[in-house]
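Participant: This one is model-v6.cif, mmCIF, C-alpha atoms and all ligand atoms.
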data_coords
#
loop_
_atom_site.label_atom_id
_atom_site.label_comp_id
_atom_site.auth_asym_id
_atom_site.auth_seq_id
_atom_site.Cartn_x
_atom_site.Cartn_y
_atom_site.Cartn_z
CA MET A 1 15.77 31.43 15.76
CA SER A 2 16.91 27.80 15.65
CA LYS A 3 20.17 26.76 13.99
CA LYS A 4 19.09 23.15 13.67
CA THR A 5 19.51 21.05 10.56
CA ALA A 6 16.61 18.90 9.44
CA LEU A 7 16.72 16.16 6.85
CA ILE A 8 13.36 15.54 5.16
CA THR A 9 13.04 12.40 3.05
CA GLY A 10 10.40 12.69 0.32
CA ILE A 11 10.63 16.49 0.35
CA ALA A 12 9.09 16.78 -3.13
CA GLY A 13 5.86 15.19 -1.91
CA GLN A 14 2.82 17.01 -0.52
CA ASP A 15 3.90 16.93 3.13
CA GLY A 16 7.60 17.43 2.42
CA SER A 17 6.92 20.73 0.70
CA TYR A 18 4.79 22.12 3.55
CA LEU A 19 7.21 20.87 6.19
CA ALA A 20 10.16 22.47 4.38
CA GLU A 21 8.32 25.83 4.36
CA LEU A 22 7.53 25.52 8.06
CA LEU A 23 11.08 24.59 9.12
CA LEU A 24 12.65 27.31 6.96
CA SER A 25 10.31 29.84 8.60
CA LYS A 26 11.64 28.63 11.97
CA GLY A 27 15.25 29.22 10.91
CA TYR A 28 16.24 25.62 10.22
CA THR A 29 18.77 24.52 7.64
CA VAL A 30 16.72 22.14 5.53
CA ARG A 31 18.07 19.30 3.43
CA GLY A 32 15.63 17.21 1.46
CA THR A 33 15.96 14.00 -0.47
CA VAL A 34 14.62 13.35 -3.95
CA ARG A 35 14.95 10.31 -6.12
CA ARG A 36 16.64 10.48 -9.48
CA ALA A 37 13.26 9.98 -11.15
CA SER A 38 11.65 12.78 -9.11
CA TYR A 39 14.17 15.42 -10.03
CA PRO A 40 12.34 17.01 -12.93
CA HIS A 41 9.10 16.78 -10.90
CA THR A 42 9.89 19.17 -8.09
CA GLU A 43 6.90 21.50 -8.66
CA ARG A 44 5.95 21.55 -4.99
CA VAL A 45 9.36 22.89 -3.93
CA ASP A 46 10.36 24.86 -7.04
CA HIS A 47 9.45 28.13 -5.29
CA LEU A 48 11.97 27.24 -2.56
CA LEU A 49 14.65 26.28 -5.08
CA LYS A 50 14.17 29.69 -6.70
CA ALA A 51 14.28 31.55 -3.39
CA TYR A 52 17.66 30.12 -2.29
CA ASP A 53 21.02 29.83 -4.04
CA GLU A 54 21.99 26.16 -3.82
CA ARG A 55 25.60 26.97 -4.82
CA ASP A 56 26.13 28.73 -1.49
CA PRO A 57 27.48 26.10 0.98
CA GLN A 58 25.51 27.84 3.78
CA CYS A 59 22.31 27.79 1.76
CA PRO A 60 19.42 26.94 4.14
CA PHE A 61 17.62 24.86 1.52
CA LYS A 62 19.15 22.14 -0.60
CA LEU A 63 18.04 18.95 -2.29
CA MET A 64 20.11 15.80 -2.35
CA TYR A 65 19.66 12.44 -4.01
CA ALA A 66 18.66 9.46 -1.92
CA ASP A 67 16.44 6.45 -2.41
CA LEU A 68 15.17 4.49 0.59
CA THR A 69 15.81 1.26 -1.31
CA ASP A 70 19.53 2.14 -1.54
CA VAL A 71 21.21 2.04 1.86
CA SER A 72 24.40 3.71 0.64
CA SER A 73 22.41 6.75 -0.48
CA VAL A 74 20.66 6.89 2.90
CA ARG A 75 24.01 6.80 4.72
CA ASN A 76 25.50 9.43 2.42
CA ALA A 77 22.59 11.79 3.04
CA ILE A 78 22.88 11.43 6.82
CA GLU A 79 26.68 11.71 6.86
CA GLU A 80 26.66 14.72 4.57
CA CYS A 81 24.16 16.85 6.44
CA GLN A 82 24.53 15.50 10.01
CA PRO A 83 20.94 16.32 10.87
CA ASP A 84 19.60 17.18 14.31
CA GLU A 85 16.20 15.90 13.16
CA VAL A 86 15.20 13.42 10.45
CA TYR A 87 11.63 13.51 9.17
CA ASN A 88 11.03 10.31 7.21
CA LEU A 89 8.18 11.20 4.88
CA ALA A 90 9.31 9.22 1.83
CA ALA A 91 6.98 6.40 0.90
CA GLN A 92 5.00 4.69 -1.77
CA SER A 93 1.98 6.42 -0.30
CA HIS A 94 -0.90 5.15 -2.46
CA VAL A 95 -2.97 2.48 -0.71
CA GLY A 96 -4.76 1.22 -3.84
CA ILE A 97 -1.53 0.88 -5.81
CA SER A 98 0.06 -1.06 -2.94
CA PHE A 99 -2.20 -4.00 -3.85
CA ILE A 100 -0.38 -4.12 -7.21
CA THR A 101 3.13 -3.14 -6.07
CA GLY A 102 3.10 -4.85 -2.67
CA GLU A 103 6.72 -5.94 -2.70
CA SER A 104 8.20 -2.54 -3.54
CA THR A 105 5.76 -0.88 -1.12
CA LEU A 106 7.13 -3.06 1.70
CA GLU A 107 10.69 -2.51 0.52
CA ILE A 108 10.34 1.30 0.55
CA ASN A 109 7.90 1.82 3.44
CA ALA A 110 9.08 -0.84 5.91
CA LEU A 111 12.74 -1.54 5.11
CA GLY A 112 13.40 2.12 4.20
CA PRO A 113 12.73 3.36 7.76
CA TYR A 114 14.80 0.45 9.10
CA ARG A 115 17.76 1.59 6.97
CA ILE A 116 17.49 5.13 8.34
CA LEU A 117 17.05 4.03 11.95
CA ASP A 118 19.94 1.58 11.72
CA THR A 119 22.20 4.25 10.20
CA LEU A 120 21.26 6.73 12.93
CA ARG A 121 21.88 4.12 15.64
CA ARG A 122 25.35 3.40 14.26
CA THR A 123 26.31 7.10 14.16
CA GLY A 124 25.57 7.34 17.90
CA ALA A 125 24.44 10.94 17.37
CA LYS A 126 21.46 12.28 19.29
CA THR A 127 19.43 12.77 16.12
CA ARG A 128 15.66 12.87 16.57
CA TYR A 129 13.75 10.61 14.17
CA TYR A 130 10.15 11.12 13.02
CA GLN A 131 8.27 8.31 11.27
CA ALA A 132 5.29 9.19 9.06
CA SER A 133 2.88 6.59 10.37
CA SER A 134 -0.67 6.37 9.14
CA SER A 135 -4.28 5.90 10.21
CA GLU A 136 -4.36 3.22 7.50
CA MET A 137 -2.72 1.00 10.17
CA PHE A 138 -6.05 0.95 12.06
CA GLY A 139 -7.67 -0.63 9.02
CA ALA A 140 -10.78 -2.50 10.08
CA SER A 141 -10.72 -1.32 13.72
CA PRO A 142 -13.95 0.62 14.29
CA PRO A 143 -13.83 4.37 14.94
CA PRO A 144 -12.98 6.45 16.85
CA GLN A 145 -9.30 5.45 16.70
CA ASN A 146 -6.64 6.63 19.14
CA GLU A 147 -3.16 5.53 20.29
CA SER A 148 -4.65 2.48 22.09
CA THR A 149 -6.73 1.20 19.17
CA PRO A 150 -5.49 -2.13 17.76
CA PHE A 151 -3.93 -2.08 14.31
CA LEU A 152 -5.83 -4.19 11.76
CA PRO A 153 -4.27 -3.17 8.43
CA GLN A 154 -6.23 -3.96 5.29
CA SER A 155 -3.60 -3.40 2.60
CA PRO A 156 0.09 -4.01 1.84
CA TYR A 157 0.52 -0.28 2.47
CA GLY A 158 -1.10 -0.62 5.90
CA VAL A 159 1.13 -3.58 6.74
CA SER A 160 4.25 -1.70 5.59
CA LYS A 161 3.39 1.30 7.77
CA THR A 162 2.58 -0.92 10.75
CA THR A 163 5.98 -2.60 10.41
CA ALA A 164 7.70 0.80 10.28
CA PHE A 165 5.70 1.95 13.31
CA TYR A 166 6.98 -0.97 15.38
CA LEU A 167 10.54 -0.66 14.06
CA THR A 168 10.50 2.95 15.24
CA ARG A 169 9.25 1.88 18.68
CA VAL A 170 11.82 -0.91 18.89
CA HIS A 171 14.65 1.55 18.25
CA ARG A 172 13.26 3.79 20.97
CA VAL A 173 12.86 1.00 23.52
CA ALA A 174 15.91 -1.11 22.69
CA TYR A 175 18.47 1.63 22.03
CA GLY A 176 17.01 4.66 23.77
CA MET A 177 16.82 6.58 20.52
CA PHE A 178 14.58 9.63 20.14
CA ALA A 179 12.33 7.89 17.62
CA CYS A 180 8.68 8.92 17.41
CA ASN A 181 5.59 8.18 15.33
CA GLY A 182 2.92 10.55 14.13
CA ILE A 183 -0.18 8.53 13.30
CA LEU A 184 -1.65 10.98 10.85
CA PHE A 185 -5.16 10.70 9.50
CA ASN A 186 -5.78 11.72 5.88
CA HIS A 187 -4.59 15.22 5.12
CA GLU A 188 -5.09 16.96 1.84
CA SER A 189 -4.26 20.23 0.11
CA PRO A 190 -3.99 21.82 -3.31
CA ARG A 191 -0.64 19.96 -3.50
CA ARG A 192 -2.22 16.53 -2.98
CA GLY A 193 -1.21 13.90 -5.56
CA LEU A 194 -3.62 13.74 -8.49
CA ASN A 195 -4.70 10.14 -7.87
CA PHE A 196 -5.91 10.55 -4.29
CA VAL A 197 -9.67 10.82 -4.09
CA THR A 198 -10.10 14.43 -2.88
CA ARG A 199 -7.77 15.94 -5.47
CA LYS A 200 -9.13 13.65 -8.17
CA ILE A 201 -12.57 15.11 -7.39
CA THR A 202 -11.62 18.80 -7.18
CA ARG A 203 -9.46 18.60 -10.31
CA GLY A 204 -12.22 16.60 -11.98
CA ILE A 205 -14.78 19.32 -11.22
CA ALA A 206 -12.48 21.96 -12.73
CA SER A 207 -12.11 19.86 -15.89
CA ILE A 208 -15.86 19.22 -16.09
CA VAL A 209 -16.61 22.93 -15.79
CA THR A 210 -14.22 23.78 -18.64
CA GLY A 211 -15.65 20.96 -20.80
CA GLU A 212 -12.38 18.97 -20.87
CA MET A 213 -14.10 16.07 -19.06
CA GLN A 214 -17.68 14.89 -19.11
CA THR A 215 -17.61 12.33 -16.32
CA LEU A 216 -15.52 11.39 -13.32
CA ALA A 217 -14.88 7.68 -12.63
CA LEU A 218 -14.46 6.67 -8.98
CA GLY A 219 -14.57 3.50 -6.86
CA ASN A 220 -16.11 3.04 -3.40
CA LEU A 221 -18.04 6.11 -2.29
CA ASP A 222 -19.16 4.77 1.08
CA ALA A 223 -15.79 4.87 2.87
CA LYS A 224 -15.41 7.61 5.48
CA ARG A 225 -12.27 9.60 6.11
CA ASP A 226 -11.13 12.14 8.69
CA TRP A 227 -9.74 14.76 6.30
CA GLY A 228 -7.55 17.62 7.51
CA PHE A 229 -5.33 20.23 5.86
CA ALA A 230 -1.72 19.09 5.31
CA GLY A 231 -0.29 22.49 6.33
CA ASP A 232 -1.87 22.21 9.80
CA TYR A 233 -0.52 18.68 10.22
CA MET A 234 3.10 19.72 9.61
CA GLU A 235 2.91 21.96 12.67
CA ALA A 236 1.77 18.88 14.62
CA ILE A 237 4.68 16.70 13.50
CA TRP A 238 7.17 19.45 14.32
CA ARG A 239 5.68 19.59 17.83
CA ILE A 240 5.96 15.80 18.16
CA VAL A 241 9.68 16.05 17.44
CA GLN A 242 10.18 19.01 19.83
CA HIS A 243 8.43 17.22 22.72
CA HIS A 244 10.78 16.51 25.65
CA GLU A 245 10.43 12.75 25.22
CA PRO A 246 9.85 10.53 22.20
CA ASP A 247 6.26 9.31 21.94
CA ASP A 248 3.53 8.36 19.45
CA PHE A 249 0.60 10.66 18.68
CA VAL A 250 -2.62 10.48 16.67
CA ILE A 251 -3.14 13.61 14.57
CA ALA A 252 -6.68 14.10 13.26
CA THR A 253 -9.53 16.60 12.97
CA GLU A 254 -12.02 14.40 14.89
CA ASP A 255 -14.55 14.91 12.09
CA THR A 256 -15.42 12.35 9.40
CA HIS A 257 -17.12 12.42 6.00
CA SER A 258 -17.81 9.89 3.27
CA ILE A 259 -16.52 10.20 -0.29
CA ARG A 260 -20.17 10.81 -1.21
CA ASP A 261 -20.23 13.79 1.21
CA PHE A 262 -17.04 15.18 -0.32
CA LEU A 263 -18.59 14.90 -3.79
CA LYS A 264 -21.77 16.64 -2.67
CA ASP A 265 -19.93 19.39 -0.81
CA THR A 266 -17.49 20.20 -3.63
CA PHE A 267 -19.81 19.90 -6.66
CA SER A 268 -22.35 22.09 -4.85
CA LEU A 269 -19.75 24.88 -4.60
CA VAL A 270 -20.28 25.38 -8.35
CA ASP A 271 -24.01 24.61 -8.10
CA LEU A 272 -23.74 21.18 -9.75
CA ASP A 273 -25.28 17.88 -8.68
CA TRP A 274 -22.49 15.28 -8.47
CA ASN A 275 -24.93 12.49 -9.40
CA ASP A 276 -24.98 13.87 -12.96
CA PHE A 277 -21.23 13.46 -13.47
CA VAL A 278 -19.86 10.60 -11.35
CA MET A 279 -19.50 7.01 -12.55
CA CYS A 280 -18.68 4.01 -10.42
CA GLU A 281 -15.99 1.75 -11.89
CA ASP A 282 -14.78 -1.49 -10.37
CA ARG A 283 -11.17 -0.80 -11.30
CA TYR A 284 -11.03 1.95 -8.66
CA LYS A 285 -12.35 -0.36 -5.92
CA ARG A 286 -9.82 -2.08 -3.68
CA PRO A 287 -9.61 -5.79 -2.82
CA ALA A 288 -10.08 -4.76 0.82
CA GLU A 289 -11.25 -1.42 2.16
CA VAL A 290 -10.77 0.63 5.31
CA PRO A 291 -14.42 1.49 5.91
CA ALA A 292 -14.28 4.33 8.43
CA LEU A 293 -11.58 6.52 9.91
CA LEU A 294 -12.26 9.03 12.66
CA GLY A 295 -9.36 10.06 14.85
CA ASP A 296 -9.36 10.86 18.54
CA ALA A 297 -6.50 13.36 18.82
CA SER A 298 -7.07 14.21 22.48
CA LYS A 299 -3.53 13.16 23.44
CA ALA A 300 -2.00 15.60 20.92
CA ARG A 301 -4.37 18.32 22.09
CA ARG A 302 -3.51 17.74 25.72
CA ILE A 303 0.25 17.16 25.51
CA LEU A 304 1.31 19.08 22.41
CA GLY A 305 -1.32 21.82 22.55
CA TRP A 306 -2.06 21.10 18.88
CA LYS A 307 -5.39 21.40 17.14
CA PRO A 308 -6.25 21.85 13.46
CA LYS A 309 -7.02 25.34 12.16
CA THR A 310 -8.69 24.47 8.87
CA THR A 311 -12.20 23.02 8.76
CA TYR A 312 -13.44 20.37 6.34
CA ARG A 313 -15.54 22.99 4.49
CA GLU A 314 -12.55 25.34 4.19
CA LEU A 315 -10.48 22.46 2.83
CA CYS A 316 -13.11 21.64 0.15
CA GLN A 317 -13.19 25.30 -0.87
CA MET A 318 -9.38 25.72 -0.83
CA MET A 319 -8.78 22.67 -3.02
CA LEU A 320 -11.49 23.45 -5.55
CA GLU A 321 -10.47 27.12 -5.79
CA SER A 322 -6.89 26.11 -6.48
CA ASP A 323 -7.84 23.66 -9.24
CA LEU A 324 -10.15 26.26 -10.80
CA ARG A 325 -7.42 28.91 -10.58
CA ALA A 326 -5.07 26.61 -12.51
CA LYS A 327 -7.60 26.81 -15.35
CA GLY A 328 -7.95 30.59 -15.11
CA LEU A 329 -11.29 30.43 -13.26
CA THR A 330 -12.69 31.79 -10.04
CA MET A 331 -15.52 30.13 -8.12
CA GLU A 332 -17.88 32.76 -9.56
CA SER A 333 -16.79 32.31 -13.20
CA ALA A 334 -16.94 28.53 -12.74
CA ARG A 335 -20.53 28.80 -11.51
CA VAL A 336 -21.45 30.76 -14.64
CA LEU A 337 -19.87 28.09 -16.89
CA ALA A 338 -21.48 25.32 -14.85
CA GLN A 339 -24.98 26.70 -15.47
CA LYS A 340 -24.87 25.23 -18.99
CA LEU A 341 -23.98 21.81 -17.59
CA ARG A 342 -26.91 21.46 -15.23
CA LYS A 343 -29.04 18.46 -16.20
CA PRO A 344 -32.82 18.77 -16.14
CA SER A 345 -33.10 14.98 -15.87
CA ARG A 346 -30.71 12.02 -15.88
CA THR A 347 -31.32 10.68 -19.38
CA ARG A 348 -27.70 10.39 -20.56
CA ALA A 349 -26.49 7.32 -22.44
CA TYR A 350 -23.67 5.72 -20.45
CA PRO A 351 -20.99 3.38 -21.85
CA ALA A 352 -21.78 -0.28 -21.07
CA ASN A 353 -18.95 -0.75 -18.53
CA VAL A 354 -19.93 2.09 -16.26
CA VAL A 355 -22.91 2.60 -14.01
CA PRO A 356 -24.14 6.09 -13.18
CA MET A 357 -24.03 6.50 -9.41
CA ALA A 358 -27.64 7.52 -9.26
CA LYS A 359 -28.52 4.04 -10.57
CA ALA A 360 -25.83 2.07 -8.73
CA SER A 361 -26.97 0.14 -5.71
P1 LIG B 401 3.56 11.85 -1.29
O1 LIG B 401 3.07 13.16 -1.78
O2 LIG B 401 3.29 10.63 -2.08
O3 LIG B 401 5.14 11.99 -1.05
C1 LIG B 401 5.95 10.88 -0.80
C2 LIG B 401 7.34 11.16 -1.31
O4 LIG B 401 8.14 9.98 -1.10
C3 LIG B 401 7.40 11.47 -2.80
O5 LIG B 401 8.06 12.70 -2.97
C4 LIG B 401 8.19 10.32 -3.38
O6 LIG B 401 9.05 10.70 -4.40
C5 LIG B 401 9.02 9.86 -2.20
N1 LIG B 401 9.45 8.48 -2.38
C6 LIG B 401 8.73 7.43 -2.85
N2 LIG B 401 9.50 6.33 -2.90
C7 LIG B 401 10.73 6.68 -2.48
C8 LIG B 401 11.94 6.00 -2.32
N3 LIG B 401 12.09 4.71 -2.65
N4 LIG B 401 13.02 6.67 -1.86
C9 LIG B 401 12.93 7.99 -1.55
N5 LIG B 401 11.79 8.70 -1.70
C10 LIG B 401 10.70 8.06 -2.15
O7 LIG B 401 3.01 11.55 0.18
P2 LIG B 401 2.50 12.60 1.29
O8 LIG B 401 1.03 12.69 1.21
O9 LIG B 401 3.33 13.81 1.25
O10 LIG B 401 2.79 11.75 2.63
C11 LIG B 401 4.05 11.87 3.29
C12 LIG B 401 4.23 10.66 4.19
O11 LIG B 401 3.19 10.59 5.15
C13 LIG B 401 4.21 9.32 3.47
O12 LIG B 401 5.10 8.46 4.14
C14 LIG B 401 2.80 8.82 3.66
O13 LIG B 401 2.74 7.42 3.57
C15 LIG B 401 2.51 9.34 5.05
N6 LIG B 401 1.11 9.63 5.37
C16 LIG B 401 0.40 10.45 4.55
C17 LIG B 401 -0.91 10.76 4.88
C18 LIG B 401 -1.73 11.68 4.01
O14 LIG B 401 -2.96 11.68 4.19
N7 LIG B 401 -1.13 12.46 3.13
C19 LIG B 401 -1.48 10.23 6.05
C20 LIG B 401 -0.69 9.42 6.86
C21 LIG B 401 0.61 9.13 6.52
P3 LIG B 401 8.62 10.63 -5.94
O15 LIG B 401 8.08 11.96 -6.22
O16 LIG B 401 9.90 10.31 -6.58
O17 LIG B 401 7.62 9.52 -6.08
O1 LIG B 402 -7.61 9.27 -1.25
P1 LIG B 402 -7.31 7.85 -0.99
O2 LIG B 402 -6.52 7.12 -2.01
O3 LIG B 402 -6.66 7.79 0.45
P2 LIG B 402 -6.44 6.57 1.47
O4 LIG B 402 -6.55 5.26 0.83
O5 LIG B 402 -7.33 6.82 2.64
O6 LIG B 402 -4.91 6.79 1.88
C1 LIG B 402 -4.40 8.08 2.21
O7 LIG B 402 -4.56 8.29 3.58
C2 LIG B 402 -3.80 7.40 4.43
C3 LIG B 402 -4.11 7.79 5.87
O8 LIG B 402 -5.24 7.10 6.31
C4 LIG B 402 -2.33 7.59 4.10
F1 LIG B 402 -1.58 6.82 4.92
C5 LIG B 402 -2.08 7.23 2.64
O9 LIG B 402 -0.71 7.48 2.33
C6 LIG B 402 -2.95 8.14 1.77
O10 LIG B 402 -2.48 9.45 1.89
O11 LIG B 402 -8.68 7.04 -0.82
C7 LIG B 402 -9.64 7.45 0.15
C8 LIG B 402 -10.91 6.63 -0.04
C9 LIG B 402 -10.68 5.11 -0.08
O12 LIG B 402 -11.68 4.50 0.67
C10 LIG B 402 -10.84 4.75 -1.53
O13 LIG B 402 -11.30 3.44 -1.77
O14 LIG B 402 -11.48 6.97 -1.30
C11 LIG B 402 -11.88 5.77 -1.96
N1 LIG B 402 -11.93 6.03 -3.40
C12 LIG B 402 -13.05 5.94 -4.16
N2 LIG B 402 -12.76 6.19 -5.43
C13 LIG B 402 -10.90 6.32 -4.19
C14 LIG B 402 -11.42 6.43 -5.48
N3 LIG B 402 -9.60 6.53 -3.92
C15 LIG B 402 -8.78 6.86 -4.97
N4 LIG B 402 -7.47 7.09 -4.72
N5 LIG B 402 -9.24 6.95 -6.25
C16 LIG B 402 -10.56 6.74 -6.55
O15 LIG B 402 -10.96 6.82 -7.71
#
Using structure tokens, write down the structure from this file.
Ligand code: NAP
Ligand code: G4F

Facilitator:
Amino acid sequence: MSKKTALITGIAGQDGSYLAELLLSKGYTVRGTVRRASYPHTERVDHLLKAYDERDPQCPFKLMYADLTDVSSVRNAIEECQPDEVYNLAAQSHVGISFITGESTLEINALGPYRILDTLRRTGAKTRYYQASSSEMFGASPPPQNESTPFLPQSPYGVSKTTAFYLTRVHRVAYGMFACNGILFNHESPRRGLNFVTRKITRGIASIVTGEMQTLALGNLDAKRDWGFAGDYMEAIWRIVQHHEPDDFVIATEDTHSIRDFLKDTFSLVDLDWNDFVMCEDRYKRPAEVPALLGDASKARRILGWKPKTTYRELCQMMLESDLRAKGLTMESARVLAQKLRKPSRTRAYPANVVPMAKAS
């Protein structure tokens, strides 16, 4: 078993929680950063907080405060835990919101990694650094995308991640640091944030089935994404950091589906037709879109021996089951409830500002 210490920034996020579980299972001492404002919202890691006694100085799992916009907190975190590996997962991770909060997105996502890298460089320690880079950097570059595909970011988020990608490379090339990028395509789970499209849909279905919601408002349904399971992807990033030399890797399923497909494939699990429940609203459309993402992860397969275990269909099922379970339902009981919601014809009266998808062009 390893005796390494890992520092995970953004540990209370989707990926941070799965990575913490993985590293603890490998015998790591795990330290994770949360922001002051996140502290009461640690649902994704509460099971780990309960399992370990934080008062014990040797406790393998502890949270600490740090904010990537506050360099002194970044330095404190690194000095205090002296990590062998830093996994920088913290970010303003919502692409749509980055069009509204562009400045803070750049501050957190681009300057934040710089602050960590600069601190690590100054310590002179042999710490390995992982940067959570994103397929959003490919932007308008047509699929399939791999490590040689040009970056054409379409959003402030994409630009922030592209900057961080190059800052990571620069620290590797200029200072010989072990600094690597995982270019991860979309990965989802029952722990996905509520305002990302997959979770919005599966949670929406659960609320529709229980009668708490009648309709689900979404934006562009034509975009295509290469969706994998977050748990599988954490194994990939651990392998990137264990590789004998620092490098950049695309991590993807090599399978792509549109939002429309995801709607069809999840609503049909409870025998409903998504066209009866989904509205298209302009406020959920973005000023610029990434039309199609499909990763070519052959380098990771070849060099890291990594491939995803969970299929797209299993992911749809896993996410919907979890959201139904939170409402005390199983897939079977949801199907029974859903029977009453089936529409013989689409004759509903819609509010003036929304267009039923079946009628939208
Ligand atoms: P997430 O659930 O949004 O988690 C991000 C975490 O970062 C949150 O816990 C958040 O804390 C924290 N954070 C935000 N601003 C911060 C700041 N100023 N200082 C310190 N922490 C801050 O995102 P995720 O899906 O787990 O993604 C993890 C990383 O991978 C992100 O960098 C994301 O951009 C990147 N990525 C994700 C995907 C994907 O499909 N999931 C794909 C490619 C790359 P709060 O709870 O306080 O907001
Ligand atoms: O679920 P999304 O918000 O994910 P997006 O924009 O692809 O970003 C995610 O994946 C990136 C990797 O490529 C990460 F770097 C990033 O941190 C994040 O995890 O949107 C997916 C698609 C988009 O085309 C969006 O326009 O769904 C479309 N969409 C349609 N209606 C919607 C909605 N997206 C959201 N969030 N909400 C909607 O109502």

Participant: Nearest to A:Gly193: which of A:Glu21, A:Asp247, A:Asp276, A:Glu43 is it, counting only C-alpha atoms?

Facilitator: A:Glu43

Participant: Name the closest residue to ligand LIG 401 (chain B) among the candidates A:Glu103, A:Glu235, A:Asp56, A:Asp70; distances are taken between atoms, counting all atoms listed in the file.

Facilitator: A:Asp70

Participant: In Å, rounded to a single decimal, give me how far atom C13 of ligand LIG 402 (chain B) is from atom CA of A:Pro287.

Facilitator: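 Separation of atom CA of A:Pro287 and atom C13 of ligand LIG 402 (chain B): 12.3 Å.
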
Participant: Throw together the list of residues within 8 Å of ligand LIG 402 (chain B), counting all atoms listed in the file, and drop it here as a CSV table (one decimal) with C-alpha atoms, in the frame of the given file.

Facilitator:
chain,number,residue,atom,x,y,z
A,91,ALA,CA,7.0,6.4,0.9
A,92,GLN,CA,5.0,4.7,-1.8
A,93,SER,CA,2.0,6.4,-0.3
A,94,HIS,CA,-0.9,5.2,-2.5
A,95,VAL,CA,-3.0,2.5,-0.7
A,96,GLY,CA,-4.8,1.2,-3.8
A,133,SER,CA,2.9,6.6,10.4
A,134,SER,CA,-0.7,6.4,9.1
A,135,SER,CA,-4.3,5.9,10.2
A,136,GLU,CA,-4.4,3.2,7.5
A,137,MET,CA,-2.7,1.0,10.2
A,157,TYR,CA,0.5,-0.3,2.5
A,158,GLY,CA,-1.1,-0.6,5.9
A,161,LYS,CA,3.4,1.3,7.8
A,184,LEU,CA,-1.6,11.0,10.8
A,185,PHE,CA,-5.2,10.7,9.5
A,186,ASN,CA,-5.8,11.7,5.9
A,187,HIS,CA,-4.6,15.2,5.1
A,188,GLU,CA,-5.1,17.0,1.8
A,195,ASN,CA,-4.7,10.1,-7.9
A,196,PHE,CA,-5.9,10.6,-4.3
A,197,VAL,CA,-9.7,10.8,-4.1
A,198,THR,CA,-10.1,14.4,-2.9
A,199,ARG,CA,-7.8,15.9,-5.5
A,200,LYS,CA,-9.1,13.6,-8.2
A,217,ALA,CA,-14.9,7.7,-12.6
A,218,LEU,CA,-14.5,6.7,-9.0
A,219,GLY,CA,-14.6,3.5,-6.9
A,220,ASN,CA,-16.1,3.0,-3.4
A,221,LEU,CA,-18.0,6.1,-2.3
A,222,ASP,CA,-19.2,4.8,1.1
A,223,ALA,CA,-15.8,4.9,2.9
A,224,LYS,CA,-15.4,7.6,5.5
A,225,ARG,CA,-12.3,9.6,6.1
A,259,ILE,CA,-16.5,10.2,-0.3
A,284,TYR,CA,-11.0,2.0,-8.7
A,285,LYS,CA,-12.4,-0.4,-5.9
A,286,ARG,CA,-9.8,-2.1,-3.7
A,289,GLU,CA,-11.2,-1.4,2.2
A,290,VAL,CA,-10.8,0.6,5.3
A,291,PRO,CA,-14.4,1.5,5.9
A,293,LEU,CA,-11.6,6.5,9.9

Participant: Extract, using all atoms listed in the file, all DNA, RNA and protein residues at most 10 Å from A:Pro156, discarding same-chain residues fewer than 3 positions from it, and format them as number ranges by chain.

Facilitator: A: 95-106, 109, 153, 159-162

Participant: For C-alpha atoms, I'd like the residues from the last selection saved as a PDB file, in the coordinates of the input.

Facilitator:
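New file out-v7.pdb:
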ATOM      1  CA  VAL A  95      -2.970   2.480  -0.710  1.00  0.00           C
ATOM      2  CA  GLY A  96      -4.760   1.220  -3.840  1.00  0.00           C
ATOM      3  CA  ILE A  97      -1.530   0.880  -5.810  1.00  0.00           C
ATOM      4  CA  SER A  98       0.060  -1.060  -2.940  1.00  0.00           C
ATOM      5  CA  PHE A  99      -2.200  -4.000  -3.850  1.00  0.00           C
ATOM      6  CA  ILE A 100      -0.380  -4.120  -7.210  1.00  0.00           C
ATOM      7  CA  THR A 101       3.130  -3.140  -6.070  1.00  0.00           C
ATOM      8  CA  GLY A 102       3.100  -4.850  -2.670  1.00  0.00           C
ATOM      9  CA  GLU A 103       6.720  -5.940  -2.700  1.00  0.00           C
ATOM     10  CA  SER A 104       8.200  -2.540  -3.540  1.00  0.00           C
ATOM     11  CA  THR A 105       5.760  -0.880  -1.120  1.00  0.00           C
ATOM     12  CA  LEU A 106       7.130  -3.060   1.700  1.00  0.00           C
ATOM     13  CA  ASN A 109       7.900   1.820   3.440  1.00  0.00           C
ATOM     14  CA  PRO A 153      -4.270  -3.170   8.430  1.00  0.00           C
ATOM     15  CA  VAL A 159       1.130  -3.580   6.740  1.00  0.00           C
ATOM     16  CA  SER A 160       4.250  -1.700   5.590  1.00  0.00           C
ATOM     17  CA  LYS A 161       3.390   1.300   7.770  1.00  0.00           C
ATOM     18  CA  THR A 162       2.580  -0.920  10.750  1.00  0.00           C
TER      19      THR A 162
END

Participant: So that I can see what lies close to stretch 312-325 of chain A, please list as JSON, numbers by chain the residues with an atom at most 10 Å from it, counting only C-alpha atoms and leaving out residues fewer than 3 positions away in the same chain.

Facilitator: {"A": [187, 188, 189, 190, 191, 192, 198, 199, 201, 202, 203, 204, 205, 206, 207, 209, 210, 226, 227, 228, 229, 230, 253, 255, 256, 257, 262, 263, 265, 266, 267, 269, 270, 309, 328, 329, 330, 331, 333, 334]}

Participant: Give me, as a ChimeraX atom specification, all polymer residues having an atom no more than 12 Å from A:Tyr166, counting all atoms listed in the file and skipping those fewer than 6 positions away in the same chain.

Facilitator: /A:110-111,113-114,117,131,133,137,151,159-160,172-174,179-181,248

Participant: Skipping near chain neighbours, those fewer than 2 positions away, what residues fall within 12 Å of A:Leu120 using only C-alpha atoms, listed as a VMD selection string?

Facilitator: chain A and resid 74 to 79 82 to 86 113 to 118 122 to 130 168 171 to 172 175 to 179
